[in-house]
Amino acid sequence: MTSTDYSPWSGIDCPVTGFKMVRIDSAQPHDFFWGKNTAGDFLLMLEIDKDLTCFLEDKTVELRGVKSDLTYHSATSEYFFILCLQNKEDADIFYRLCMDLVDRTRDLSQLKVALEIIHRRLKRWKTFLSGKKKPLLSAQEVRGLFAELEFLNEGLKVATSQLTFLEGWLGPLDGPHDFVLGDYAVEIKSVSGSQKDNVRISSENQLATHLKRLFLKVFFLAEFQDCKKGESLNQIVDRVRTKLLDSDLIDIFETRLYSSGYIDLKDYDSPCFMVSQKKAFEVRDDFPRITPDCLQDGLVNVSYDLNLNSLKKYVCEVPIMEG
């Protein structure tokens, strides 16, 4: 959805005074509304009790492109917590933010508890919006992140230092490799469906390193749209999170997730993936690859497919070194 497509605000006229509102879901225990003000701004409005206005005053979260406010509607004598979109070009991500708040509070009967959850979710969205503009990861990005999380989960189970291993996850930070662990690096790839024999190497730098050793780890993913099998991106995030032993590690993990463009939205409840096979290869001197030092002058931004069937002699296990 974009600002020119259908949106829940498209059928709401601009009011002459005050607000015009449409209830989002009558089954929701709290009174959420889509709304517009006299300027035609897109609003999410939540009716609150007067005694909760003081509770909200010290819980303001400033979001990029979204203004929050507490408003008294004189025509109805009601109080509202309001989120107002500042730029309609961002209507798609604002819609997802709004639906995230609505969905996360469906099972909460007490309004004060719901407002606590809304405050936490807005803090997460603040981090997300500060570094990422597009609302959703592509299907390829979802598979790639799933594979990185599979490797992260493997390492956290056996690494002497969870902190060292987690901090070595540099893929979300645009690091030189997906993982840099001491004196070696690991590139993670996911393949599915017709890709099963090949992996795409995205640049001449991806299989080049100044470190002592470099590994390529490939996860073969079976994909299920109905999620009767496998695990969704949201589920593997939860699984990895439960492996982390303290809040500081969880904070680092969450920061890496936001940097990758992920926030836990219902959109990532499907599809689900199952790892059908895993293979690891050591990238040695004679490994088939394109690197910067073998390119002629003027050639840059090279990408190519690597046939996995030709790599049997490089098969290995990736060591999990102690931190």
# chains A, B, ... in the order shown; residues from 1 in each chain; ligands from 1
call {"tool": "select_by_dssp", "arguments": {"residues": "region 22-126 of chain A", "states": "helix (DSSP H, G or I)", "output": "number ranges by chain"}}
result
A: 50-57, 88-104, 111-126
call {"tool": "residues_around", "arguments": {"residues": "Phe80 (chain A)", "least_positions_apart": "5", "cutoff": "6 Å", "atoms": "only C-alpha atoms", "output": "ChimeraX atom specification"}}
result
/A:46-48,70-71
call {"tool": "residues_around", "arguments": {"residues": "Leu173 (chain A)", "least_positions_apart": "6", "cutoff": "10 Å", "atoms": "only C-alpha atoms", "output": "ChimeraX atom specification"}}
result
/A:255-260
call {"tool": "atom_distance", "arguments": {"atom1": "CA of Asp238 (chain A)", "atom2": "CA of Arg96 (chain A)"}}
result
20.4 Å
call {"tool": "residues_around", "arguments": {"residues": "region 186-199 of chain A", "least_positions_apart": "4", "cutoff": "10 Å", "atoms": "only C-alpha atoms", "output": "PDB file with N, CA and C atoms, in the first residue's frame"}}
result
ATOM      1  N   GLN A 140      13.616 -12.570  -0.627  1.00  0.00           N
ATOM      2  CA  GLN A 140      15.019 -12.990  -0.604  1.00  0.00           C
ATOM      3  C   GLN A 140      15.695 -12.558   0.695  1.00  0.00           C
ATOM      4  N   GLU A 141      15.394 -11.348   1.153  1.00  0.00           N
ATOM      5  CA  GLU A 141      15.979 -10.865   2.401  1.00  0.00           C
ATOM      6  C   GLU A 141      15.486 -11.671   3.594  1.00  0.00           C
ATOM      7  N   VAL A 142      14.227 -12.089   3.556  1.00  0.00           N
ATOM      8  CA  VAL A 142      13.683 -12.922   4.638  1.00  0.00           C
ATOM      9  C   VAL A 142      14.437 -14.240   4.708  1.00  0.00           C
ATOM     10  N   ARG A 143      14.642 -14.882   3.551  1.00  0.00           N
ATOM     11  CA  ARG A 143      15.374 -16.154   3.544  1.00  0.00           C
ATOM     12  C   ARG A 143      16.814 -15.965   4.006  1.00  0.00           C
ATOM     13  N   GLY A 144      17.434 -14.865   3.568  1.00  0.00           N
ATOM     14  CA  GLY A 144      18.812 -14.610   3.986  1.00  0.00           C
ATOM     15  C   GLY A 144      18.937 -14.396   5.475  1.00  0.00           C
ATOM     16  N   LEU A 145      18.020 -13.620   6.044  1.00  0.00           N
ATOM     17  CA  LEU A 145      18.057 -13.382   7.492  1.00  0.00           C
ATOM     18  C   LEU A 145      17.760 -14.665   8.252  1.00  0.00           C
ATOM     19  N   PHE A 146      16.823 -15.463   7.742  1.00  0.00           N
ATOM     20  CA  PHE A 146      16.515 -16.746   8.390  1.00  0.00           C
ATOM     21  C   PHE A 146      17.773 -17.612   8.465  1.00  0.00           C
ATOM     22  N   ALA A 147      18.531 -17.677   7.372  1.00  0.00           N
ATOM     23  CA  ALA A 147      19.748 -18.494   7.346  1.00  0.00           C
ATOM     24  C   ALA A 147      20.794 -17.952   8.329  1.00  0.00           C
ATOM     25  N   GLU A 148      20.951 -16.634   8.398  1.00  0.00           N
ATOM     26  CA  GLU A 148      21.906 -16.058   9.348  1.00  0.00           C
ATOM     27  C   GLU A 148      21.499 -16.384  10.784  1.00  0.00           C
ATOM     28  N   LEU A 149      20.214 -16.356  11.053  1.00  0.00           N
ATOM     29  CA  LEU A 149      19.728 -16.681  12.397  1.00  0.00           C
ATOM     30  C   LEU A 149      19.924 -18.160  12.718  1.00  0.00           C
ATOM     31  N   GLU A 150      19.812 -19.019  11.721  1.00  0.00           N
ATOM     32  CA  GLU A 150      20.100 -20.446  11.940  1.00  0.00           C
ATOM     33  C   GLU A 150      21.552 -20.633  12.357  1.00  0.00           C
ATOM     34  N   PHE A 151      22.453 -19.964  11.668  1.00  0.00           N
ATOM     35  CA  PHE A 151      23.866 -20.084  12.034  1.00  0.00           C
ATOM     36  C   PHE A 151      24.126 -19.463  13.402  1.00  0.00           C
ATOM     37  N   GLY A 168      30.100 -10.839  16.688  1.00  0.00           N
ATOM     38  CA  GLY A 168      30.695 -11.206  15.406  1.00  0.00           C
ATOM     39  C   GLY A 168      29.700 -11.246  14.266  1.00  0.00           C
ATOM     40  N   TRP A 169      28.413 -11.114  14.583  1.00  0.00           N
ATOM     41  CA  TRP A 169      27.374 -11.088  13.547  1.00  0.00           C
ATOM     42  C   TRP A 169      27.341  -9.686  12.931  1.00  0.00           C
ATOM     43  N   GLY A 171      26.695  -9.015   9.492  1.00  0.00           N
ATOM     44  CA  GLY A 171      25.887  -8.867   8.295  1.00  0.00           C
ATOM     45  C   GLY A 171      24.916  -7.698   8.352  1.00  0.00           C
ATOM     46  N   PRO A 176      32.235  -6.599   6.467  1.00  0.00           N
ATOM     47  CA  PRO A 176      32.899  -7.234   5.321  1.00  0.00           C
ATOM     48  C   PRO A 176      32.382  -8.643   5.061  1.00  0.00           C
ATOM     49  N   HIS A 177      31.896  -9.322   6.120  1.00  0.00           N
ATOM     50  CA  HIS A 177      31.322 -10.656   5.995  1.00  0.00           C
ATOM     51  C   HIS A 177      30.153 -10.771   6.960  1.00  0.00           C
ATOM     52  N   ASP A 178      29.311 -11.791   6.758  1.00  0.00           N
ATOM     53  CA  ASP A 178      28.152 -11.964   7.636  1.00  0.00           C
ATOM     54  C   ASP A 178      28.577 -12.196   9.078  1.00  0.00           C
ATOM     55  N   PHE A 179      29.628 -12.999   9.266  1.00  0.00           N
ATOM     56  CA  PHE A 179      30.176 -13.238  10.600  1.00  0.00           C
ATOM     57  C   PHE A 179      31.690 -13.106  10.538  1.00  0.00           C
ATOM     58  N   VAL A 180      32.245 -12.374  11.490  1.00  0.00           N
ATOM     59  CA  VAL A 180      33.690 -12.302  11.670  1.00  0.00           C
ATOM     60  C   VAL A 180      33.964 -12.753  13.094  1.00  0.00           C
ATOM     61  N   LEU A 181      34.622 -13.910  13.216  1.00  0.00           N
ATOM     62  CA  LEU A 181      34.788 -14.575  14.506  1.00  0.00           C
ATOM     63  C   LEU A 181      36.275 -14.834  14.737  1.00  0.00           C
ATOM     64  N   GLN A 206      32.981 -10.501  -1.741  1.00  0.00           N
ATOM     65  CA  GLN A 206      32.282 -11.363  -0.795  1.00  0.00           C
ATOM     66  C   GLN A 206      33.092 -12.598  -0.410  1.00  0.00           C
ATOM     67  N   LEU A 207      33.849 -13.149  -1.328  1.00  0.00           N
ATOM     68  CA  LEU A 207      34.664 -14.326  -1.019  1.00  0.00           C
ATOM     69  C   LEU A 207      36.157 -13.985  -0.997  1.00  0.00           C
ATOM     70  N   ARG A 213      41.213 -17.381   7.693  1.00  0.00           N
ATOM     71  CA  ARG A 213      40.379 -18.383   7.023  1.00  0.00           C
ATOM     72  C   ARG A 213      39.013 -17.773   6.679  1.00  0.00           C
ATOM     73  N   LEU A 214      38.389 -18.340   5.635  1.00  0.00           N
ATOM     74  CA  LEU A 214      37.062 -17.899   5.215  1.00  0.00           C
ATOM     75  C   LEU A 214      36.232 -19.128   4.883  1.00  0.00           C
ATOM     76  N   PHE A 215      34.992 -19.134   5.341  1.00  0.00           N
ATOM     77  CA  PHE A 215      34.083 -20.249   5.103  1.00  0.00           C
ATOM     78  C   PHE A 215      32.805 -19.747   4.432  1.00  0.00           C
ATOM     79  N   LEU A 216      32.215 -20.634   3.634  1.00  0.00           N
ATOM     80  CA  LEU A 216      30.916 -20.395   3.022  1.00  0.00           C
ATOM     81  C   LEU A 216      29.949 -21.430   3.585  1.00  0.00           C
ATOM     82  N   LYS A 217      28.903 -20.968   4.270  1.00  0.00           N
ATOM     83  CA  LYS A 217      27.920 -21.885   4.863  1.00  0.00           C
ATOM     84  C   LYS A 217      26.596 -21.698   4.129  1.00  0.00           C
ATOM     85  N   VAL A 218      26.063 -22.795   3.597  1.00  0.00           N
ATOM     86  CA  VAL A 218      24.852 -22.750   2.785  1.00  0.00           C
ATOM     87  C   VAL A 218      23.738 -23.515   3.485  1.00  0.00           C
ATOM     88  N   PHE A 219      22.595 -22.858   3.638  1.00  0.00           N
ATOM     89  CA  PHE A 219      21.402 -23.495   4.205  1.00  0.00           C
ATOM     90  C   PHE A 219      20.397 -23.717   3.081  1.00  0.00           C
ATOM     91  N   PHE A 220      19.974 -24.960   2.907  1.00  0.00           N
ATOM     92  CA  PHE A 220      18.964 -25.313   1.921  1.00  0.00           C
ATOM     93  C   PHE A 220      17.610 -25.261   2.620  1.00  0.00           C
ATOM     94  N   LEU A 221      16.736 -24.386   2.142  1.00  0.00           N
ATOM     95  CA  LEU A 221      15.467 -24.138   2.820  1.00  0.00           C
ATOM     96  C   LEU A 221      14.294 -24.669   2.002  1.00  0.00           C
ATOM     97  N   ALA A 222      13.450 -25.477   2.655  1.00  0.00           N
ATOM     98  CA  ALA A 222      12.140 -25.820   2.095  1.00  0.00           C
ATOM     99  C   ALA A 222      11.143 -24.793   2.613  1.00  0.00           C
ATOM    100  N   GLU A 223      10.280 -24.304   1.745  1.00  0.00           N
ATOM    101  CA  GLU A 223       9.383 -23.204   2.092  1.00  0.00           C
ATOM    102  C   GLU A 223       7.928 -23.678   2.092  1.00  0.00           C
ATOM    103  N   PHE A 273       9.886 -21.917   7.037  1.00  0.00           N
ATOM    104  CA  PHE A 273      11.019 -22.577   6.393  1.00  0.00           C
ATOM    105  C   PHE A 273      11.491 -23.756   7.244  1.00  0.00           C
ATOM    106  N   VAL A 275      15.004 -26.245   7.373  1.00  0.00           N
ATOM    107  CA  VAL A 275      16.346 -26.496   6.835  1.00  0.00           C
ATOM    108  C   VAL A 275      16.411 -27.963   6.427  1.00  0.00           C
ATOM    109  N   SER A 276      16.458 -28.207   5.130  1.00  0.00           N
ATOM    110  CA  SER A 276      16.496 -29.583   4.632  1.00  0.00           C
ATOM    111  C   SER A 276      17.917 -30.121   4.556  1.00  0.00           C
ATOM    112  N   GLN A 277      18.874 -29.203   4.461  1.00  0.00           N
ATOM    113  CA  GLN A 277      20.275 -29.621   4.332  1.00  0.00           C
ATOM    114  C   GLN A 277      21.162 -28.423   4.627  1.00  0.00           C
ATOM    115  N   LYS A 278      22.362 -28.693   5.103  1.00  0.00           N
ATOM    116  CA  LYS A 278      23.360 -27.650   5.319  1.00  0.00           C
ATOM    117  C   LYS A 278      24.694 -28.125   4.760  1.00  0.00           C
ATOM    118  N   LYS A 279      25.413 -27.213   4.152  1.00  0.00           N
ATOM    119  CA  LYS A 279      26.751 -27.535   3.665  1.00  0.00           C
ATOM    120  C   LYS A 279      27.684 -26.376   3.977  1.00  0.00           C
ATOM    121  N   ALA A 280      28.922 -26.714   4.315  1.00  0.00           N
ATOM    122  CA  ALA A 280      29.934 -25.693   4.563  1.00  0.00           C
ATOM    123  C   ALA A 280      31.154 -25.991   3.704  1.00  0.00           C
ATOM    124  N   PHE A 281      31.771 -24.921   3.234  1.00  0.00           N
ATOM    125  CA  PHE A 281      32.951 -25.041   2.372  1.00  0.00           C
ATOM    126  C   PHE A 281      34.024 -24.086   2.871  1.00  0.00           C
ATOM    127  N   GLU A 282      35.272 -24.529   2.827  1.00  0.00           N
ATOM    128  CA  GLU A 282      36.369 -23.633   3.157  1.00  0.00           C
ATOM    129  C   GLU A 282      36.866 -22.974   1.874  1.00  0.00           C
ATOM    130  N   VAL A 283      36.913 -21.657   1.896  1.00  0.00           N
ATOM    131  CA  VAL A 283      37.344 -20.896   0.725  1.00  0.00           C
ATOM    132  C   VAL A 283      38.870 -20.779   0.773  1.00  0.00           C
ATOM    133  N   TYR A 304      28.020 -13.158  -9.529  1.00  0.00           N
ATOM    134  CA  TYR A 304      28.096 -14.390 -10.305  1.00  0.00           C
ATOM    135  C   TYR A 304      27.474 -15.535  -9.514  1.00  0.00           C
ATOM    136  N   ASP A 305      27.155 -16.619 -10.224  1.00  0.00           N
ATOM    137  CA  ASP A 305      26.619 -17.817  -9.586  1.00  0.00           C
ATOM    138  C   ASP A 305      27.735 -18.825  -9.375  1.00  0.00           C
ATOM    139  N   LEU A 306      27.696 -19.458  -8.211  1.00  0.00           N
ATOM    140  CA  LEU A 306      28.687 -20.467  -7.861  1.00  0.00           C
ATOM    141  C   LEU A 306      27.984 -21.822  -7.810  1.00  0.00           C
ATOM    142  N   ASN A 307      28.440 -22.771  -8.610  1.00  0.00           N
ATOM    143  CA  ASN A 307      27.832 -24.100  -8.648  1.00  0.00           C
ATOM    144  C   ASN A 307      28.338 -24.940  -7.481  1.00  0.00           C
ATOM    145  N   LEU A 308      27.419 -25.361  -6.637  1.00  0.00           N
ATOM    146  CA  LEU A 308      27.806 -26.085  -5.425  1.00  0.00           C
ATOM    147  C   LEU A 308      28.299 -27.494  -5.710  1.00  0.00           C
ATOM    148  N   ASN A 309      27.851 -28.077  -6.827  1.00  0.00           N
ATOM    149  CA  ASN A 309      28.271 -29.442  -7.147  1.00  0.00           C
ATOM    150  C   ASN A 309      29.756 -29.529  -7.467  1.00  0.00           C
ATOM    151  N   SER A 310      30.376 -28.397  -7.780  1.00  0.00           N
ATOM    152  CA  SER A 310      31.799 -28.387  -8.128  1.00  0.00           C
ATOM    153  C   SER A 310      32.701 -28.178  -6.912  1.00  0.00           C
ATOM    154  N   VAL A 318      32.412 -25.772   9.858  1.00  0.00           N
ATOM    155  CA  VAL A 318      32.849 -24.465  10.336  1.00  0.00           C
ATOM    156  C   VAL A 318      33.157 -24.550  11.822  1.00  0.00           C
TER     157      VAL A 318
END
call {"tool": "select_by_dssp", "arguments": {"residues": "region 132-289 of chain A", "states": "strand (DSSP E)", "output": "PyMOL selection string"}}
result
chain A and resi 179-181+184-191+198-201+213-224+231-232+272-282
call {"tool": "write_last_selection", "arguments": {"atoms": "C-alpha atoms", "output": "PDB file, in the first residue's frame"}}
result
ATOM      1  CA  PHE A 179      30.176 -13.238  10.600  1.00  0.00           C
ATOM      2  CA  VAL A 180      33.690 -12.302  11.670  1.00  0.00           C
ATOM      3  CA  LEU A 181      34.788 -14.575  14.506  1.00  0.00           C
ATOM      4  CA  TYR A 184      38.112 -16.286  10.468  1.00  0.00           C
ATOM      5  CA  ALA A 185      34.966 -15.170   8.674  1.00  0.00           C
ATOM      6  CA  VAL A 186      31.793 -16.896   7.507  1.00  0.00           C
ATOM      7  CA  GLU A 187      29.556 -15.987   4.586  1.00  0.00           C
ATOM      8  CA  ILE A 188      25.995 -17.291   4.931  1.00  0.00           C
ATOM      9  CA  LYS A 189      23.827 -18.223   1.958  1.00  0.00           C
ATOM     10  CA  SER A 190      20.305 -19.586   1.655  1.00  0.00           C
ATOM     11  CA  VAL A 191      19.025 -21.540  -1.333  1.00  0.00           C
ATOM     12  CA  ASN A 198      23.790 -22.586  -7.226  1.00  0.00           C
ATOM     13  CA  VAL A 199      24.359 -19.662  -4.895  1.00  0.00           C
ATOM     14  CA  ARG A 200      24.620 -16.053  -5.974  1.00  0.00           C
ATOM     15  CA  ILE A 201      27.819 -14.251  -4.948  1.00  0.00           C
ATOM     16  CA  ARG A 213      40.379 -18.383   7.023  1.00  0.00           C
ATOM     17  CA  LEU A 214      37.062 -17.899   5.215  1.00  0.00           C
ATOM     18  CA  PHE A 215      34.083 -20.249   5.103  1.00  0.00           C
ATOM     19  CA  LEU A 216      30.916 -20.395   3.022  1.00  0.00           C
ATOM     20  CA  LYS A 217      27.920 -21.885   4.863  1.00  0.00           C
ATOM     21  CA  VAL A 218      24.852 -22.750   2.785  1.00  0.00           C
ATOM     22  CA  PHE A 219      21.402 -23.495   4.205  1.00  0.00           C
ATOM     23  CA  PHE A 220      18.964 -25.313   1.921  1.00  0.00           C
ATOM     24  CA  LEU A 221      15.467 -24.138   2.820  1.00  0.00           C
ATOM     25  CA  ALA A 222      12.140 -25.820   2.095  1.00  0.00           C
ATOM     26  CA  GLU A 223       9.383 -23.204   2.092  1.00  0.00           C
ATOM     27  CA  PHE A 224       5.777 -23.670   3.276  1.00  0.00           C
ATOM     28  CA  GLU A 231       9.280 -22.129  11.292  1.00  0.00           C
ATOM     29  CA  SER A 232       8.559 -18.506  10.413  1.00  0.00           C
ATOM     30  CA  CYS A 272       7.711 -20.912   7.149  1.00  0.00           C
ATOM     31  CA  PHE A 273      11.019 -22.577   6.393  1.00  0.00           C
ATOM     32  CA  MET A 274      12.622 -25.885   7.214  1.00  0.00           C
ATOM     33  CA  VAL A 275      16.346 -26.496   6.835  1.00  0.00           C
ATOM     34  CA  SER A 276      16.496 -29.583   4.632  1.00  0.00           C
ATOM     35  CA  GLN A 277      20.275 -29.621   4.332  1.00  0.00           C
ATOM     36  CA  LYS A 278      23.360 -27.650   5.319  1.00  0.00           C
ATOM     37  CA  LYS A 279      26.751 -27.535   3.665  1.00  0.00           C
ATOM     38  CA  ALA A 280      29.934 -25.693   4.563  1.00  0.00           C
ATOM     39  CA  PHE A 281      32.951 -25.041   2.372  1.00  0.00           C
ATOM     40  CA  GLU A 282      36.369 -23.633   3.157  1.00  0.00           C
TER      41      GLU A 282
END
call {"tool": "atom_distance", "arguments": {"atom1": "CA of Leu152 (chain A)", "atom2": "CA of Arg284 (chain A)"}}
result
23.2 Å
call {"tool": "residues_around", "arguments": {"residues": "Asp31 (chain A)", "least_positions_apart": "3", "cutoff": "12 Å", "atoms": "only C-alpha atoms", "output": "PyMOL selection string"}}
result
chain A and resi 21-28+34+44-49+78-82+102+105-106+109-111+114
call {"tool": "closest_residue", "arguments": {"among": "A:Lys313, A:Arg104, A:His73, A:Lys123", "to": "Thr60 (chain A)", "atoms": "only C-alpha atoms"}}
result
A:Lys123
call {"tool": "residues_around", "arguments": {"residues": "Gly18 (chain A)", "least_positions_apart": "5", "cutoff": "12 Å", "atoms": "only C-alpha atoms", "output": "ChimeraX atom specification"}}
result
/A:13,35-41,71-78,80
call {"tool": "atom_distance", "arguments": {"atom1": "CA of Pro29 (chain A)", "atom2": "CA of Leu108 (chain A)"}}
result
7.4 Å
call {"tool": "closest_residue", "arguments": {"among": "A:Glu57, A:Asp107, A:Glu62, A:Asp100", "to": "Arg121 (chain A)", "atoms": "only C-alpha atoms"}}
result
A:Asp100
